[in-house]
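Listing of protein-v6.txt; format and content: compact mmCIF, C-alpha atoms and all ligand atoms.
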# COMPACT_ATOMS: atom_id res chain seq x y z
CA MET A 1 20.20 -2.47 -0.42
CA VAL A 2 21.63 0.96 -1.34
CA LYS A 3 18.75 3.42 -1.67
CA LYS A 4 18.98 5.77 -4.64
CA GLN A 5 17.62 9.20 -3.70
CA ASP A 6 14.32 10.33 -5.20
CA ALA A 7 14.80 13.59 -7.13
CA ILE A 8 12.09 13.03 -9.78
CA TYR A 9 10.26 16.29 -9.00
CA ALA A 10 13.32 18.31 -7.85
CA SER A 11 13.60 20.49 -11.00
CA PRO A 12 10.78 22.64 -12.41
CA LEU A 13 8.76 20.69 -15.02
CA ASP A 14 6.99 22.38 -17.97
CA GLU A 15 4.16 19.91 -17.79
CA ILE A 16 3.22 17.63 -14.92
CA ILE A 17 1.93 14.33 -16.22
CA ASP A 18 -0.06 11.83 -14.13
CA PHE A 19 2.13 9.75 -11.81
CA ARG A 20 3.09 6.28 -13.11
CA PHE A 21 4.98 3.43 -11.45
CA ASP A 22 7.57 3.24 -14.25
CA GLU A 23 11.33 2.44 -14.35
CA ARG A 24 12.28 5.88 -13.02
CA VAL A 25 10.04 5.46 -9.98
CA VAL A 26 11.17 1.87 -9.42
CA GLU A 27 14.80 3.01 -9.23
CA VAL A 28 14.09 5.37 -6.31
CA PHE A 29 10.99 3.70 -4.84
CA PRO A 30 12.40 2.57 -1.45
CA ASP A 31 13.68 6.10 -0.76
CA MET A 32 10.51 7.76 -2.11
CA ILE A 33 8.06 5.75 -0.02
CA GLN A 34 10.17 5.93 3.16
CA ARG A 35 10.43 9.74 2.91
CA SER A 36 6.75 10.19 1.90
CA VAL A 37 4.71 7.81 4.06
CA PRO A 38 4.95 8.48 7.80
CA GLY A 39 5.53 5.23 9.69
CA TYR A 40 6.29 3.18 6.55
CA GLY A 41 8.99 1.09 8.28
CA THR A 42 6.71 0.41 11.26
CA LEU A 43 3.87 -0.55 8.94
CA ILE A 44 6.02 -3.01 7.01
CA SER A 45 7.45 -4.75 10.07
CA THR A 46 4.12 -4.83 11.94
CA ILE A 47 2.21 -6.25 8.95
CA GLY A 48 4.70 -9.14 9.18
CA VAL A 49 3.77 -9.59 12.84
CA LEU A 50 0.03 -9.54 12.01
CA ALA A 51 0.58 -12.09 9.22
CA GLY A 52 2.48 -14.27 11.68
CA ARG A 53 -0.61 -14.32 13.91
CA TYR A 54 -3.35 -14.70 11.29
CA ALA A 55 -1.77 -16.98 8.67
CA GLN A 56 -3.50 -20.36 8.68
CA ALA A 57 -1.84 -23.65 7.71
CA GLU A 58 -2.23 -24.68 4.05
CA SER A 59 -3.55 -21.27 2.95
CA HIS A 60 -2.54 -18.42 0.62
CA CYS A 61 -1.36 -14.98 1.80
CA TYR A 62 -1.74 -12.14 -0.72
CA ASP A 63 0.25 -8.90 -1.07
CA LEU A 64 -1.87 -6.89 -3.53
CA GLY A 65 -0.05 -3.92 -5.08
CA CYS A 66 3.22 -5.34 -3.80
CA SER A 67 5.59 -2.85 -5.52
CA LEU A 68 9.08 -4.24 -4.71
CA GLY A 69 7.68 -6.75 -2.22
CA ALA A 70 8.48 -5.09 1.13
CA VAL A 71 5.30 -6.51 2.72
CA THR A 72 5.93 -9.90 1.12
CA LEU A 73 9.45 -10.12 2.58
CA SER A 74 8.20 -9.03 6.01
CA MET A 75 5.37 -11.60 5.99
CA ARG A 76 7.77 -14.25 4.76
CA GLN A 77 9.97 -13.78 7.81
CA ARG A 78 7.06 -14.10 10.26
CA ILE A 79 4.89 -16.89 8.85
CA THR A 80 5.65 -20.20 10.54
CA GLN A 81 2.41 -22.10 9.79
CA ALA A 82 2.89 -25.17 7.57
CA GLY A 83 1.99 -25.12 3.88
CA CYS A 84 1.52 -21.35 3.46
CA ASP A 85 2.60 -19.47 0.40
CA ILE A 86 2.55 -15.80 -0.61
CA ILE A 87 1.08 -14.44 -3.84
CA ALA A 88 2.42 -10.94 -4.58
CA VAL A 89 0.72 -8.95 -7.34
CA ASP A 90 1.48 -5.64 -9.06
CA ASN A 91 0.49 -4.30 -12.47
CA SER A 92 3.78 -2.43 -13.01
CA PRO A 93 6.15 -4.68 -15.03
CA ALA A 94 9.13 -2.63 -13.80
CA MET A 95 8.14 -3.18 -10.15
CA ILE A 96 7.71 -6.94 -10.64
CA GLU A 97 11.03 -7.28 -12.48
CA ARG A 98 12.96 -5.52 -9.71
CA GLY A 99 10.86 -7.19 -6.99
CA GLU A 100 11.76 -10.63 -8.35
CA GLN A 101 15.48 -9.76 -8.15
CA LEU A 102 15.12 -8.65 -4.53
CA LEU A 103 13.14 -11.77 -3.70
CA ALA A 104 15.83 -13.98 -5.25
CA SER A 105 18.41 -12.51 -2.87
CA ASP A 106 16.20 -13.04 0.22
CA THR A 107 17.29 -16.14 2.06
CA SER A 108 15.47 -15.34 5.31
CA SER A 109 12.75 -17.95 4.93
CA ALA A 110 11.57 -20.93 2.93
CA VAL A 111 7.97 -19.70 2.52
CA PRO A 112 7.29 -19.92 -1.26
CA VAL A 113 6.43 -16.67 -3.07
CA SER A 114 4.92 -16.15 -6.55
CA MET A 115 5.14 -12.66 -8.01
CA LEU A 116 2.54 -11.86 -10.66
CA CYS A 117 2.28 -8.90 -13.01
CA ALA A 118 -1.49 -8.37 -13.12
CA HIS A 119 -4.29 -6.00 -12.18
CA ILE A 120 -5.42 -6.91 -8.69
CA GLN A 121 -9.02 -6.61 -9.91
CA ASP A 122 -8.35 -9.67 -12.14
CA VAL A 123 -6.61 -11.90 -9.61
CA ASN A 124 -8.44 -14.88 -8.19
CA ILE A 125 -8.46 -14.71 -4.36
CA GLU A 126 -9.03 -18.14 -2.84
CA ASN A 127 -8.25 -20.13 0.28
CA ALA A 128 -6.75 -16.95 1.79
CA SER A 129 -5.91 -16.31 5.43
CA VAL A 130 -4.07 -12.96 5.06
CA VAL A 131 -4.67 -10.32 2.38
CA VAL A 132 -2.73 -7.04 2.40
CA LEU A 133 -3.55 -3.87 0.49
CA ASN A 134 -0.70 -1.60 1.69
CA PHE A 135 -1.44 1.75 0.01
CA THR A 136 -2.95 0.17 -3.11
CA LEU A 137 -6.75 0.60 -2.90
CA GLN A 138 -6.21 4.37 -3.19
CA PHE A 139 -5.05 3.82 -6.82
CA ILE A 140 -8.07 1.68 -7.81
CA PRO A 141 -10.97 3.49 -9.55
CA LEU A 142 -13.66 4.38 -6.97
CA ALA A 143 -16.27 2.38 -8.88
CA ASP A 144 -14.19 -0.83 -8.59
CA ARG A 145 -13.36 -0.65 -4.89
CA LEU A 146 -16.43 -2.35 -3.36
CA ALA A 147 -16.29 -5.26 -5.82
CA LEU A 148 -12.60 -5.81 -4.98
CA ILE A 149 -13.20 -5.77 -1.21
CA GLU A 150 -16.15 -8.16 -1.66
CA ARG A 151 -14.00 -10.58 -3.68
CA ILE A 152 -11.33 -10.46 -0.99
CA TYR A 153 -13.98 -11.20 1.66
CA GLN A 154 -15.32 -14.14 -0.39
CA GLY A 155 -11.78 -15.53 -0.86
CA LEU A 156 -10.84 -15.34 2.83
CA ARG A 157 -11.30 -18.25 5.20
CA PRO A 158 -13.29 -17.59 8.39
CA GLY A 159 -10.89 -15.95 10.86
CA GLY A 160 -8.80 -14.56 7.98
CA VAL A 161 -7.65 -10.95 7.96
CA LEU A 162 -7.53 -8.09 5.47
CA ILE A 163 -4.93 -5.42 6.30
CA LEU A 164 -5.82 -2.18 4.51
CA SER A 165 -3.45 0.81 4.62
CA GLU A 166 -4.52 4.06 2.97
CA LYS A 167 -3.90 7.76 2.75
CA ILE A 168 -7.21 9.23 3.92
CA ALA A 169 -9.21 12.43 3.42
CA PHE A 170 -11.24 14.29 6.04
CA ASP A 171 -14.72 15.74 5.61
CA GLU A 172 -14.10 18.73 7.89
CA PRO A 173 -11.92 21.32 6.10
CA VAL A 174 -10.04 22.28 9.29
CA ARG A 175 -9.03 18.66 9.89
CA GLN A 176 -8.10 18.15 6.22
CA THR A 177 -5.88 21.25 6.28
CA PHE A 178 -4.18 20.18 9.51
CA HIS A 179 -3.28 16.71 8.23
CA ILE A 180 -2.09 17.92 4.83
CA ASP A 181 0.03 20.64 6.44
CA VAL A 182 1.71 18.30 8.92
CA HIS A 183 2.27 15.67 6.23
CA HIS A 184 4.04 18.29 4.12
CA ASP A 185 6.12 19.24 7.19
CA PHE A 186 7.06 15.55 7.46
CA LYS A 187 8.18 15.56 3.82
CA ARG A 188 10.14 18.80 4.27
CA ALA A 189 11.83 17.31 7.34
CA ASN A 190 12.86 14.39 5.10
CA GLY A 191 14.55 16.71 2.61
CA TYR A 192 11.84 17.34 0.00
CA SER A 193 11.61 20.95 -1.23
CA ASP A 194 8.35 22.89 -1.57
CA LEU A 195 8.69 22.52 -5.37
CA GLU A 196 9.04 18.74 -5.12
CA ILE A 197 6.06 18.51 -2.76
CA SER A 198 3.85 20.62 -5.00
CA GLN A 199 4.84 18.95 -8.33
CA LYS A 200 4.37 15.46 -6.84
CA ARG A 201 1.00 16.51 -5.45
CA SER A 202 -0.15 17.63 -8.92
CA ALA A 203 1.12 14.40 -10.49
CA LEU A 204 -0.89 12.32 -8.00
CA GLU A 205 -4.06 14.41 -8.11
CA ASN A 206 -5.99 12.27 -10.63
CA VAL A 207 -4.27 9.02 -9.70
CA LEU A 208 -4.40 8.65 -5.91
CA ILE A 209 -7.97 9.23 -4.70
CA PRO A 210 -8.17 9.20 -0.89
CA GLU A 211 -11.45 8.59 0.93
CA ALA A 212 -12.65 9.23 4.48
CA LEU A 213 -11.92 6.64 7.17
CA SER A 214 -15.69 6.26 7.72
CA THR A 215 -16.13 5.37 4.00
CA HIS A 216 -13.49 2.63 4.27
CA LYS A 217 -15.06 1.21 7.44
CA LEU A 218 -18.57 1.23 5.94
CA ARG A 219 -17.34 -0.53 2.79
CA LEU A 220 -15.60 -3.22 4.86
CA ALA A 221 -18.78 -3.72 6.91
CA ASP A 222 -20.93 -3.82 3.73
CA ALA A 223 -18.65 -6.53 2.33
CA GLY A 224 -19.35 -8.62 5.46
CA PHE A 225 -16.32 -8.14 7.74
CA SER A 226 -17.29 -8.57 11.39
CA PHE A 227 -14.35 -6.99 13.26
CA ILE A 228 -12.93 -3.77 11.84
CA ASP A 229 -10.42 -1.57 13.65
CA THR A 230 -7.71 1.01 13.05
CA TRP A 231 -4.40 -0.35 14.30
CA PHE A 232 -2.14 2.45 12.97
CA GLN A 233 -2.51 6.13 12.23
CA CYS A 234 0.06 8.87 11.65
CA PHE A 235 -1.48 12.08 10.28
CA ASN A 236 -3.51 11.18 7.15
CA PHE A 237 -2.04 7.68 6.83
CA VAL A 238 -3.95 4.81 8.44
CA SER A 239 -3.95 1.05 8.51
CA LEU A 240 -7.02 -1.04 9.32
CA VAL A 241 -7.56 -4.69 10.16
CA ALA A 242 -10.77 -6.38 9.06
CA ILE A 243 -11.39 -9.95 10.20
CA LYS A 244 -13.87 -12.37 8.61
C1 LIG B 301 4.68 -1.43 -0.21
N1 LIG B 301 2.50 -2.17 -1.04
O1 LIG B 301 5.86 -1.12 -0.43
N2 LIG B 301 -3.26 -3.68 -9.87
C2 LIG B 301 -2.05 -4.04 -9.36
N3 LIG B 301 -1.19 -3.15 -8.82
C3 LIG B 301 -1.55 -1.86 -8.82
C4 LIG B 301 -2.78 -1.42 -9.36
C5 LIG B 301 -3.64 -2.39 -9.90
N4 LIG B 301 -4.82 -2.06 -10.43
N5 LIG B 301 -2.84 -0.06 -9.21
C6 LIG B 301 -1.70 0.32 -8.63
N6 LIG B 301 -0.92 -0.75 -8.39
C7 LIG B 301 3.71 -1.39 -1.37
C8 LIG B 301 3.42 0.02 -1.75
S1 LIG B 301 2.53 1.55 -3.87
C9 LIG B 301 1.96 2.85 -2.88
C10 LIG B 301 2.32 0.16 -2.75
C11 LIG B 301 2.54 4.17 -3.17
C12 LIG B 301 0.40 -0.80 -7.74
C13 LIG B 301 1.41 0.19 -8.28
O2 LIG B 301 2.08 -0.30 -9.44
C14 LIG B 301 2.35 0.36 -7.09
O3 LIG B 301 3.45 -0.51 -7.15
C15 LIG B 301 1.46 0.03 -5.89
O4 LIG B 301 0.22 -0.44 -6.39
C16 LIG B 301 1.21 1.21 -4.96
O5 LIG B 301 4.22 -1.76 0.88
O6 LIG B 301 3.51 4.24 -3.92
O7 LIG B 301 1.99 5.15 -2.61

With the file now loaded, output its structure as structure tokens.
Amino acid sequence: MVKKQDAIYASPLDEIIDFRFDERVVEVFPDMIQRSVPGYGTLISTIGVLAGRYAQAESHCYDLGCSLGAVTLSMRQRITQAGCDIIAVDNSPAMIERGEQLLASDTSSAVPVSMLCAHIQDVNIENASVVVLNFTLQFIPLADRLALIERIYQGLRPGGVLILSEKIAFDEPVRQTFHIDVHHDFKRANGYSDLEISQKRSALENVLIPEALSTHKLRLADAGFSFIDTWFQCFNFVSLVAIK
């Protein structure tokens, strides 16, 4: 796929409105996420590997907040257990429309995929062996997060896994400053200007609410998960596994 370059925040804007996953974002999304999230490619390919290990025969695998379906396609290539399918969910109609086109051109595997345009808070999770929230929980209102994690726990089979990737915040100011500074260096190294970095940051301020790693781990434990570990971290971007 040819990646169209993200220049959404390249020119000065009179007013910065809250970030939305609309058609303009969809058009540049692969470039935007690759240049903004350190380790994105590693995360996508390794989530496929984890799904390959934890998928159970005759179960559902969920990609919640699937965007264009990068995690779905990676899981699809790695799942070999019989009778599995993937349910990919996003509440952006533009993402789902484009994601369905990309899925239609993927001939790498026969694992069935359904793409749904819905709020993940409304989706029934059942008979699941793998559930992925790859940078999605951070967009869910704080008050809804525990209920969602609890529903995922209830819908997982014993031995099933939740893979949770998030941008995180740090309680200690010195640590917070370090991680934000090096993340901005990462974005500069990928060609974003200071103006783009600062306008995007303002657009995300009320939309992407990061929490501390300890808060995520406590919530997973409160929901009932028995094994919880960080398997990936680069600066303020982490991915956790939680096994039922
Ligand atoms: C990837 N996982 O490429 N219900 C459903 N979808 C939602 C909701 C909601 N309530 N809120 C936000 N989204 C992807 C990347 S992007 C992360 C995930 C980022 C969707 C939103 O429409 C967007 O597509 C996605 O969650 C977050 O691995 O851009 O930082």

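Considering only C-alpha atoms and all ligand atoms, every residue of the polymer chains approaching ligand LIG 301 (chain B) to 7 Å or closer is listed here: A:Phe21, A:Ile33, A:Ile44, A:Leu64, A:Gly65, A:Cys66, A:Ser67, A:Leu68, A:Gly69, A:Ala70, A:Val71, A:Val89, A:Asp90, A:Asn91, A:Ser92, A:Met95, A:Ala118, A:His119, A:Ile120, A:Gln121, A:Leu133, A:Asn134, A:Phe135, A:Thr136, A:Phe139, A:Ile140.
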
Looking at A:Ala82, A:Glu15, A:Ser36, A:Phe29, which one is nearest to Arg188 in chain A, with distances taken over all atoms listed in the file? A:Ser36

May I have a table of the residues of range 59-176 of chain A lying at most 7 Å from range 210-214 of chain A, giving each one's closest pair of atoms and their distance in Å to one decimal, counting only C-alpha atoms, ordered by chain and ascending residue number, as CSV?
residue,atom,partner,partner_atom,distance
A:Gln138,CA,A:Pro210,CA,5.7
A:Lys167,CA,A:Pro210,CA,5.8
A:Ile168,CA,A:Pro210,CA,4.9
A:Ala169,CA,A:Ala212,CA,4.8
A:Phe170,CA,A:Ala212,CA,5.5
A:Asp171,CA,A:Ala212,CA,6.9

Need the shell around Glu205 in chain A: protein/DNA/RNA residues with any atom at most 12 Å away, counting all atoms listed in the file. Skip same-chain ones fewer than 2 positions apart. Format as a ChimeraX atom specification? /A:16-20,138-139,198-203,207-210

Return the padded bounding box of range 108-119 of chain A as lines of an AutoDock Vina configuration file: axis-aligned, built from all atoms listed in the file, 3 Å added on each side, with centre and edge lengths in Å to one decimal.
center_x = 5.6
center_y = -13.5
center_z = -3.9
size_x = 25.8
size_y = 20.9
size_z = 24.4

Residues near Ala57 in chain A, anyone? I mean within 8 Å using only C-alpha atoms, not counting same-chain ones fewer than 6 positions away, as a list in words. Gln81, Ala82, Gly83 and Cys84 of chain A

With C-alpha atoms retained, export the selected residues as a PDB file, in the coordinates of the input.
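So the final result, stored in again26.pdb, reads:
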ATOM      1  CA  GLN A  81       2.410 -22.100   9.790  1.00  0.00           C
ATOM      2  CA  ALA A  82       2.890 -25.170   7.570  1.00  0.00           C
ATOM      3  CA  GLY A  83       1.990 -25.120   3.880  1.00  0.00           C
ATOM      4  CA  CYS A  84       1.520 -21.350   3.460  1.00  0.00           C
TER       5      CYS A  84
END

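Going from CA of Thr42 in chain A to CA of Asp63 in chain A covers 16.7 Å.
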
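Distances from A:Phe186, A:Ile163, A:Val174, A:Glu150 to Phe227 in chain A were compared using only C-alpha atoms, and the smallest one belongs to A:Ile163.
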
Please compute the CA of Asn206 in chain A-CA of Asp229 in chain A distance, one decimal, in Å. 28.3 Å

Contacts of Tyr54 in chain A at 7 Å or less, counting only C-alpha atoms, minus same-chain residues fewer than 6 places along, as a ChimeraX atom specification? /A:129-130,160-161

Could you jot down the CA of Leu218 in chain A to CA of Tyr153 in chain A separation for me, Å, one decimal place? 13.9 Å

Under the rule that only C-alpha atoms are counted, which of A:Glu166, A:Asp106, A:Glu126, A:Asp185 is the nearest residue to Arg76 in chain A?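 Using only C-alpha atoms, the shortest distance to Arg76 in chain A belongs to A:Asp106.
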